[in-house]
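Structure file data_1.txt (compact mmCIF, C-alpha atoms) follows.
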# COMPACT_ATOMS: atom_id res chain seq x y z
CA MET A 1 -21.72 -8.22 55.63
CA ASN A 2 -18.74 -7.94 53.31
CA LYS A 3 -19.32 -6.44 49.91
CA ASP A 4 -18.28 -8.76 47.08
CA GLY A 5 -15.04 -7.96 45.35
CA LEU A 6 -14.57 -7.54 41.59
CA LEU A 7 -12.93 -9.93 39.13
CA TYR A 8 -10.91 -8.05 36.54
CA VAL A 9 -10.14 -9.92 33.31
CA VAL A 10 -6.88 -8.27 32.29
CA ALA A 11 -5.31 -8.52 28.84
CA THR A 12 -1.52 -8.56 28.90
CA PRO A 13 1.02 -8.12 26.07
CA ILE A 14 1.41 -10.91 23.53
CA GLY A 15 5.11 -10.23 23.16
CA ASN A 16 6.16 -6.60 23.38
CA LEU A 17 5.81 -5.44 26.99
CA ALA A 18 5.30 -1.86 25.80
CA ASP A 19 1.86 -2.93 24.57
CA ILE A 20 0.45 -3.10 28.10
CA THR A 21 -2.22 -0.49 28.76
CA LEU A 22 -2.18 2.14 31.48
CA ARG A 23 -5.48 0.77 32.79
CA ALA A 24 -4.05 -2.76 32.98
CA LEU A 25 -1.07 -1.50 34.99
CA GLU A 26 -3.29 0.46 37.36
CA THR A 27 -5.53 -2.58 37.86
CA LEU A 28 -2.61 -4.93 38.56
CA LYS A 29 -1.21 -2.46 41.08
CA THR A 30 -4.45 -2.04 43.02
CA VAL A 31 -6.01 -5.53 43.21
CA ASP A 32 -5.54 -7.77 46.23
CA ALA A 33 -4.28 -10.77 44.23
CA ILE A 34 -3.56 -11.88 40.69
CA ALA A 35 -4.74 -15.22 39.30
CA ALA A 36 -2.28 -16.30 36.61
CA GLU A 37 -1.95 -19.13 34.09
CA ASP A 38 1.77 -19.43 34.85
CA THR A 39 2.89 -17.64 38.01
CA ARG A 40 6.54 -17.68 36.93
CA HIS A 41 5.72 -15.99 33.63
CA THR A 42 3.49 -13.41 35.30
CA SER A 43 6.16 -12.75 37.95
CA GLY A 44 8.46 -11.60 35.17
CA LEU A 45 5.81 -9.24 33.81
CA LEU A 46 5.07 -7.78 37.23
CA SER A 47 8.76 -7.43 38.06
CA HIS A 48 9.33 -5.49 34.84
CA PHE A 49 6.78 -2.91 35.96
CA GLY A 50 7.75 -2.95 39.64
CA ILE A 51 4.54 -4.59 40.86
CA THR A 52 4.49 -6.98 43.81
CA LYS A 53 1.31 -8.97 44.39
CA LYS A 54 0.15 -12.34 45.68
CA LEU A 55 -0.09 -14.78 42.77
CA ILE A 56 -2.59 -17.64 42.46
CA ALA A 57 -2.05 -20.39 39.86
CA VAL A 58 -5.01 -20.92 37.52
CA HIS A 59 -4.12 -23.22 34.63
CA GLU A 60 -6.01 -25.70 32.47
CA HIS A 61 -5.39 -28.60 34.86
CA ASN A 62 -6.70 -26.91 38.02
CA GLU A 63 -9.15 -24.32 36.69
CA HIS A 64 -12.29 -25.82 38.24
CA GLN A 65 -10.76 -26.08 41.71
CA SER A 66 -9.11 -22.67 41.46
CA ALA A 67 -12.37 -21.07 40.33
CA GLU A 68 -14.06 -22.20 43.55
CA LYS A 69 -11.22 -20.78 45.67
CA LEU A 70 -11.26 -17.49 43.80
CA LEU A 71 -15.00 -17.23 44.29
CA LEU A 72 -14.60 -17.57 48.05
CA GLN A 73 -11.99 -14.82 48.07
CA LEU A 74 -14.17 -12.53 45.98
CA LYS A 75 -17.04 -13.08 48.42
CA THR A 76 -14.83 -11.76 51.24
CA GLY A 77 -14.50 -8.48 49.35
CA GLN A 78 -11.13 -9.05 47.70
CA ASN A 79 -10.55 -7.72 44.19
CA ILE A 80 -8.74 -10.16 41.90
CA ALA A 81 -7.14 -9.75 38.47
CA LEU A 82 -7.21 -12.71 36.10
CA VAL A 83 -4.39 -12.92 33.53
CA THR A 84 -2.90 -15.48 31.15
CA ASP A 85 0.63 -15.75 29.79
CA ALA A 86 -0.24 -13.50 26.84
CA GLY A 87 -3.35 -11.83 25.53
CA THR A 88 -6.82 -12.13 27.02
CA PRO A 89 -7.94 -14.86 29.45
CA GLY A 90 -10.61 -17.22 28.14
CA ILE A 91 -9.66 -16.81 24.47
CA SER A 92 -8.01 -20.19 23.75
CA ASP A 93 -6.48 -19.80 27.22
CA PRO A 94 -7.67 -20.63 30.75
CA GLY A 95 -10.17 -18.21 32.23
CA ALA A 96 -13.61 -18.99 30.82
CA ILE A 97 -14.48 -21.43 33.62
CA VAL A 98 -13.49 -18.91 36.29
CA VAL A 99 -15.47 -16.12 34.63
CA ASP A 100 -18.54 -18.33 34.18
CA LEU A 101 -18.60 -19.42 37.82
CA VAL A 102 -18.06 -15.89 39.14
CA ARG A 103 -20.78 -14.38 36.93
CA LYS A 104 -23.25 -17.11 37.91
CA ALA A 105 -22.58 -16.21 41.54
CA GLY A 106 -23.72 -12.67 40.79
CA ILE A 107 -20.28 -11.12 41.16
CA ARG A 108 -19.28 -8.43 38.72
CA VAL A 109 -16.64 -9.26 36.11
CA VAL A 110 -14.83 -6.28 34.56
CA PRO A 111 -12.95 -6.53 31.22
CA ILE A 112 -9.63 -4.70 30.92
CA PRO A 113 -8.97 -4.95 27.16
CA GLY A 114 -5.59 -4.85 25.50
CA ALA A 115 -3.36 -6.54 22.94
CA SER A 116 -4.99 -9.32 20.89
CA ALA A 117 -3.13 -11.72 18.59
CA VAL A 118 -6.31 -12.33 16.56
CA ILE A 119 -7.07 -8.66 15.92
CA ALA A 120 -3.41 -7.80 15.31
CA ALA A 121 -3.14 -10.56 12.70
CA LEU A 122 -6.39 -9.60 10.99
CA SER A 123 -5.32 -5.96 10.77
CA VAL A 124 -2.26 -6.81 8.66
CA SER A 125 -3.65 -9.74 6.64
CA GLY A 126 -5.71 -7.81 4.13
CA ILE A 127 -8.08 -10.77 3.74
CA ALA A 128 -10.77 -10.16 6.36
CA GLN A 129 -13.72 -10.33 3.95
CA ASN A 130 -17.25 -10.37 5.35
CA GLY A 131 -16.03 -10.60 8.93
CA PHE A 132 -14.17 -13.54 10.44
CA LEU A 133 -14.62 -16.77 12.38
CA PHE A 134 -12.10 -17.39 15.14
CA HIS A 135 -11.73 -21.12 15.72
CA GLY A 136 -8.68 -21.19 17.97
CA PHE A 137 -6.60 -24.37 17.98
CA LEU A 138 -7.55 -27.23 15.68
CA PRO A 139 -7.54 -30.80 17.08
CA ALA A 140 -4.09 -32.36 17.48
CA SER A 141 -4.82 -35.60 15.62
CA GLY A 142 -4.91 -35.58 11.83
CA ALA A 143 -8.29 -37.27 11.40
CA ALA A 144 -10.04 -34.98 13.90
CA ARG A 145 -8.33 -31.94 12.42
CA ARG A 146 -9.47 -32.76 8.89
CA LYS A 147 -13.02 -33.36 10.14
CA ALA A 148 -13.03 -29.95 11.83
CA LEU A 149 -11.77 -28.32 8.64
CA GLU A 150 -14.49 -30.02 6.58
CA LEU A 151 -17.10 -28.39 8.80
CA LEU A 152 -15.51 -24.98 8.18
CA LYS A 153 -14.80 -25.44 4.48
CA LEU A 154 -17.74 -23.45 3.12
CA GLN A 155 -17.65 -20.56 5.58
CA THR A 156 -17.81 -17.34 3.56
CA VAL A 157 -15.80 -15.40 6.15
CA THR A 158 -12.09 -15.35 6.93
CA LEU A 159 -11.08 -18.34 9.08
CA VAL A 160 -8.68 -17.64 11.95
CA PHE A 161 -6.71 -20.33 13.78
CA TYR A 162 -3.99 -20.57 16.39
CA GLU A 163 -1.32 -23.22 15.87
CA ALA A 164 1.72 -24.49 17.73
CA PRO A 165 5.12 -24.91 16.03
CA HIS A 166 5.29 -28.70 16.37
CA ARG A 167 2.02 -29.09 14.42
CA ILE A 168 2.31 -26.28 11.89
CA VAL A 169 3.46 -28.33 8.88
CA GLU A 170 0.87 -31.08 9.38
CA SER A 171 -1.92 -28.55 9.90
CA ILE A 172 -1.05 -26.61 6.76
CA ALA A 173 -0.93 -29.84 4.73
CA ASP A 174 -4.43 -30.73 5.94
CA MET A 175 -5.70 -27.23 5.18
CA ALA A 176 -4.45 -27.47 1.61
CA ILE A 177 -6.16 -30.83 1.13
CA VAL A 178 -9.48 -29.97 2.77
CA LEU A 179 -9.91 -26.25 2.08
CA GLY A 180 -8.25 -26.20 -1.32
CA ALA A 181 -4.72 -25.40 -2.40
CA GLU A 182 -5.90 -22.28 -4.24
CA ARG A 183 -6.97 -20.53 -1.04
CA ARG A 184 -4.76 -17.74 0.29
CA ILE A 185 -3.30 -17.98 3.77
CA THR A 186 -1.59 -15.37 5.90
CA PHE A 187 0.92 -16.51 8.49
CA ALA A 188 1.23 -14.13 11.44
CA ARG A 189 4.14 -15.56 13.43
CA GLU A 190 5.56 -14.25 16.71
CA ILE A 191 3.42 -11.10 16.55
CA THR A 192 4.99 -8.08 18.30
CA LYS A 193 8.14 -10.10 19.10
CA THR A 194 11.68 -9.79 17.71
CA PHE A 195 11.18 -12.29 14.89
CA GLU A 196 7.68 -11.19 13.89
CA THR A 197 6.79 -12.49 10.43
CA ILE A 198 3.75 -11.72 8.29
CA HIS A 199 3.64 -13.79 5.11
CA SER A 200 0.84 -14.42 2.61
CA CYS A 201 0.71 -17.07 -0.11
CA HIS A 202 -1.55 -19.76 -1.54
CA LEU A 203 -1.93 -22.93 0.51
CA ALA A 204 -0.31 -24.74 -2.42
CA ASP A 205 2.93 -22.86 -1.69
CA ALA A 206 2.70 -22.72 2.10
CA ILE A 207 4.50 -25.99 2.89
CA HIS A 208 7.41 -25.04 0.64
CA TRP A 209 7.69 -21.67 2.40
CA LEU A 210 7.76 -23.32 5.83
CA GLU A 211 10.28 -25.97 4.83
CA ALA A 212 12.58 -23.53 3.01
CA ASP A 213 13.52 -21.95 6.34
CA ALA A 214 13.24 -23.99 9.56
CA ASN A 215 13.12 -20.73 11.53
CA GLN A 216 9.67 -20.08 10.08
CA GLN A 217 8.41 -23.18 11.88
CA ARG A 218 9.23 -21.74 15.30
CA GLY A 219 7.13 -19.67 17.67
CA GLU A 220 3.38 -19.17 17.94
CA PHE A 221 1.18 -18.77 14.89
CA VAL A 222 -2.05 -17.07 13.95
CA LEU A 223 -3.26 -18.46 10.63
CA LEU A 224 -5.79 -16.63 8.48
CA ILE A 225 -7.49 -18.36 5.54
CA GLU A 226 -9.46 -16.37 3.02
CA ALA A 227 -13.20 -16.93 2.83
CA ALA A 228 -14.73 -19.63 0.65
CA VAL A 229 -16.22 -18.53 -2.64
CA VAL A 230 -19.43 -20.47 -3.11
CA LYS A 231 -20.78 -20.66 -6.62
CA GLU A 232 -24.00 -18.68 -6.84
CA ALA A 233 -27.20 -20.20 -8.13
CA GLU A 234 -27.25 -17.94 -11.18
CA GLU A 235 -23.93 -19.42 -12.28
CA ILE A 236 -25.50 -22.87 -12.45
CA SER A 237 -28.08 -23.61 -15.14
CA GLU A 238 -31.72 -23.93 -14.18
CA GLU A 239 -31.74 -27.51 -15.44
CA THR A 240 -28.76 -28.43 -13.26
CA VAL A 241 -30.43 -26.87 -10.22
CA ARG A 242 -33.63 -28.81 -10.97
CA VAL A 243 -31.74 -32.12 -11.30
CA LEU A 244 -29.76 -31.50 -8.12
CA LYS A 245 -32.85 -30.63 -6.08
CA LEU A 246 -34.67 -33.76 -7.29
CA LEU A 247 -31.73 -35.97 -6.34
CA LEU A 248 -31.24 -34.29 -2.97
CA ALA A 249 -34.87 -34.97 -2.12
CA ASP A 250 -34.26 -38.73 -2.08
CA LEU A 251 -30.50 -39.30 -1.82
CA PRO A 252 -27.63 -38.47 0.58
CA LEU A 253 -25.71 -35.36 -0.43
CA LYS A 254 -22.57 -37.08 -1.77
CA GLN A 255 -24.53 -39.57 -3.84
CA ALA A 256 -26.80 -36.83 -5.21
CA VAL A 257 -23.79 -34.74 -6.22
CA LYS A 258 -22.10 -37.72 -7.86
CA LEU A 259 -25.14 -38.49 -9.99
CA ALA A 260 -25.77 -34.81 -10.79
CA THR A 261 -22.16 -34.48 -11.96
CA GLU A 262 -22.57 -37.44 -14.31
CA ILE A 263 -25.87 -36.13 -15.67
CA THR A 264 -25.01 -32.45 -16.09
CA LYS A 265 -21.23 -32.62 -16.66
CA GLU A 266 -20.79 -29.73 -14.18
CA LYS A 267 -17.69 -29.66 -11.99
CA LYS A 268 -18.14 -31.89 -8.97
CA ASN A 269 -16.66 -29.37 -6.52
CA ASP A 270 -19.01 -26.63 -7.71
CA LEU A 271 -22.04 -28.88 -7.39
CA TYR A 272 -20.96 -30.14 -3.98
CA GLU A 273 -20.58 -26.62 -2.59
CA PHE A 274 -23.90 -25.54 -4.10
CA ALA A 275 -25.65 -28.67 -2.84
CA LEU A 276 -24.27 -28.13 0.66
CA ALA A 277 -25.51 -24.54 0.58
CA LEU A 278 -28.97 -25.81 -0.45
CA LYS A 279 -28.99 -28.29 2.44
CA GLN A 280 -27.95 -25.62 4.95
CA ALA A 281 -30.67 -23.28 3.68
CA THR A 282 -33.44 -25.83 4.29

Whole structure given in structure tokens:
Amino acid sequence: MNKDGLLYVVATPIGNLADITLRALETLKTVDAIAAEDTRHTSGLLSHFGITKKLIAVHEHNEHQSAEKLLLQLKTGQNIALVTDAGTPGISDPGAIVVDLVRKAGIRVVPIPGASAVIAALSVSGIAQNGFLFHGFLPASGAARRKALELLKLQTVTLVFYEAPHRIVESIADMAIVLGAERRITFAREITKTFETIHSCHLADAIHWLEADANQQRGEFVLLIEAAVVKEAEEISEETVRVLKLLLADLPLKQAVKLATEITKEKKNDLYEFALALKQAT
């Protein structure tokens, strides 16, 4: 009986080819085949390092079918490396479906870590308070994007997003509206590439920065938004807390906040954030 092969999940450079690890190179040289998001892109990477291997296409449109084929090959004892165009498979890139199927089949999956756009951006942002939440890409449509941002609005950790150039302006506009123009954002654009840009500003100024130079709207983005600052209970009077709790007991959140604002004269945004925190705590 053939011994099952291994699936190696191999991180590749996000721009600068010198960022590849020695272990990644050794793995790519010794496996029987390489499953790649874009075989043409991966061919260029392999050619640069003088590696010749059989390539198997595994992209978002064929991942389920490809996963089944890869599983059959692994069961014959072949070792396979899984790569994406840049970074680590399965992190806002194809790969998770393959890994899930292979692990469920009882076959060992081995991580080969390397360059990460998320970690690289966080390391130079200076705003990673209390940890971070990596969301990946926001929805493409405006309404769905704003809804997603509303759900993240009160997170007290740094928010991390990926964004494509053709949506960057619209996404930043929605972030300013939903998250608040006073929040700080760090743009990490084209990380490790020739035109790498790291820029921090308030969301209120972000659109102007993007539109002042069309070149800043090109390439791939990691966006980091500073954590929400939720008003603490001790900053709100006991009477206001009492009124808000009474209203929340019988009314929907928005209506309770509206009435509490009229009664107590507190700022609506402060009461809304505090009321939401109360709801989440119960």

The distance between atom CA of A:Ala120 and atom CA of A:Thr192 is 8.9 Å

_A:Val31 environment, 9 Å, all atoms listed in the file, sequence neighbours closer than 4 positions dropped, as JSON, numbers by chain_ = {"A": [6, 8, 26, 27, 53, 78, 79, 80, 81]}

What's around A:Thr156 at 8 Å? Count all atoms listed in the file, leave out sequence neighbours fewer than 3 positions away in its own chain, and write the answer as a PDB file with C-alpha atoms, in the coordinates of the input.
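New file around-v3.pdb:
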ATOM      1  CA  ASN A 130     -17.250 -10.370   5.350  1.00  0.00           C
ATOM      2  CA  ALA A 227     -13.200 -16.930   2.830  1.00  0.00           C
ATOM      3  CA  ALA A 228     -14.730 -19.630   0.650  1.00  0.00           C
ATOM      4  CA  VAL A 229     -16.220 -18.530  -2.640  1.00  0.00           C
ATOM      5  CA  VAL A 230     -19.430 -20.470  -3.110  1.00  0.00           C
TER       6      VAL A 230
END

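For A:Val110, the list of residues within 12 Å, based on only C-alpha atoms and with local chain neighbours fewer than 2 positions off taken out, reads Gly5, Leu6, Leu7, Tyr8, Val9, Val10, Ala11, Arg23, Ala24, Thr27, Asn79, Ile80, Ala81, Leu82, Val99, Val102, Arg103, Ile107, Arg108, Ile112 and Pro113 of chain A.
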
Residues within 10 Å of A:Val160, all atoms listed in the file, excluding chain neighbours under 3 positions, as a ChimeraX atom specification:
/A:118-119,121-122,128,132-137,157,185-186,222-226

Closest of A:Ile91, A:Ala36, A:Ala18, A:Ala277 to A:Gln155, counting only C-alpha atoms, is A:Ala277

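Atom CA of A:Ser171 to atom CA of A:Ser123 spans 22.9 Å [interatomic distance, one decimal].
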
The residue from A:Glu68, A:Glu170, A:Glu238, A:Glu211 with the smallest atom-to-atom distance to A:Lys104, counting all atoms listed in the file, is A:Glu68

Self-check item: Contacts of A:Ala173 at 9 Å (only C-alpha atoms; same-chain gap of 4+ positions) as a PyMOL selection string
Solution: chain A and resi 168-169+177-178+203-204+206-207

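A straight line drawn from atom CA of A:Ala86 to atom CA of A:Gly15 is 7.3 Å long.
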
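Nearest residue to A:Ser125, choosing from A:Gly142, A:Thr84, A:Ile236, A:His199 and counting all atoms listed in the file: A:His199.
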
Serialized stretch 243-255 of chain A w/ N, CA and C atoms as an mmCIF file, in the first residue's frame:
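Saved result, out-v7.cif, follows:
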data_model
loop_
_atom_site.group_PDB
_atom_site.id
_atom_site.type_symbol
_atom_site.label_atom_id
_atom_site.label_comp_id
_atom_site.auth_asym_id
_atom_site.auth_seq_id
_atom_site.Cartn_x
_atom_site.Cartn_y
_atom_site.Cartn_z
ATOM 1 N N VAL A 243 -31.148 55.505 32.670
ATOM 2 C CA VAL A 243 -32.149 55.815 31.651
ATOM 3 C C VAL A 243 -31.959 54.930 30.425
ATOM 4 N N LEU A 244 -30.720 54.787 29.985
ATOM 5 C CA LEU A 244 -30.432 53.989 28.794
ATOM 6 C C LEU A 244 -30.804 52.523 29.003
ATOM 7 N N LYS A 245 -30.481 51.984 30.165
ATOM 8 C CA LYS A 245 -30.805 50.583 30.442
ATOM 9 C C LYS A 245 -32.319 50.355 30.480
ATOM 10 N N LEU A 246 -33.052 51.301 31.066
ATOM 11 C CA LEU A 246 -34.512 51.181 31.113
ATOM 12 C C LEU A 246 -35.112 51.180 29.706
ATOM 13 N N LEU A 247 -34.606 52.078 28.857
ATOM 14 C CA LEU A 247 -35.123 52.168 27.493
ATOM 15 C C LEU A 247 -34.756 50.942 26.670
ATOM 16 N N LEU A 248 -33.534 50.451 26.867
ATOM 17 C CA LEU A 248 -33.081 49.277 26.114
ATOM 18 C C LEU A 248 -33.874 48.021 26.474
ATOM 19 N N ALA A 249 -34.425 48.018 27.679
ATOM 20 C CA ALA A 249 -35.189 46.849 28.119
ATOM 21 C C ALA A 249 -36.468 46.661 27.305
ATOM 22 N N ASP A 250 -37.001 47.767 26.752
ATOM 23 C CA ASP A 250 -38.290 47.684 26.062
ATOM 24 C C ASP A 250 -38.273 48.180 24.620
ATOM 25 N N LEU A 251 -37.161 48.806 24.195
ATOM 26 C CA LEU A 251 -37.138 49.414 22.863
ATOM 27 C C LEU A 251 -35.951 48.910 22.039
ATOM 28 N N PRO A 252 -36.065 48.964 20.704
ATOM 29 C CA PRO A 252 -34.915 48.664 19.835
ATOM 30 C C PRO A 252 -33.785 49.639 20.130
ATOM 31 N N LEU A 253 -32.573 49.232 19.844
ATOM 32 C CA LEU A 253 -31.391 50.013 20.210
ATOM 33 C C LEU A 253 -31.445 51.444 19.681
ATOM 34 N N LYS A 254 -31.720 51.623 18.396
ATOM 35 C CA LYS A 254 -31.692 52.976 17.820
ATOM 36 C C LYS A 254 -32.732 53.890 18.447
ATOM 37 N N GLN A 255 -33.912 53.339 18.696
ATOM 38 C CA GLN A 255 -34.967 54.147 19.309
ATOM 39 C C GLN A 255 -34.619 54.491 20.750
#
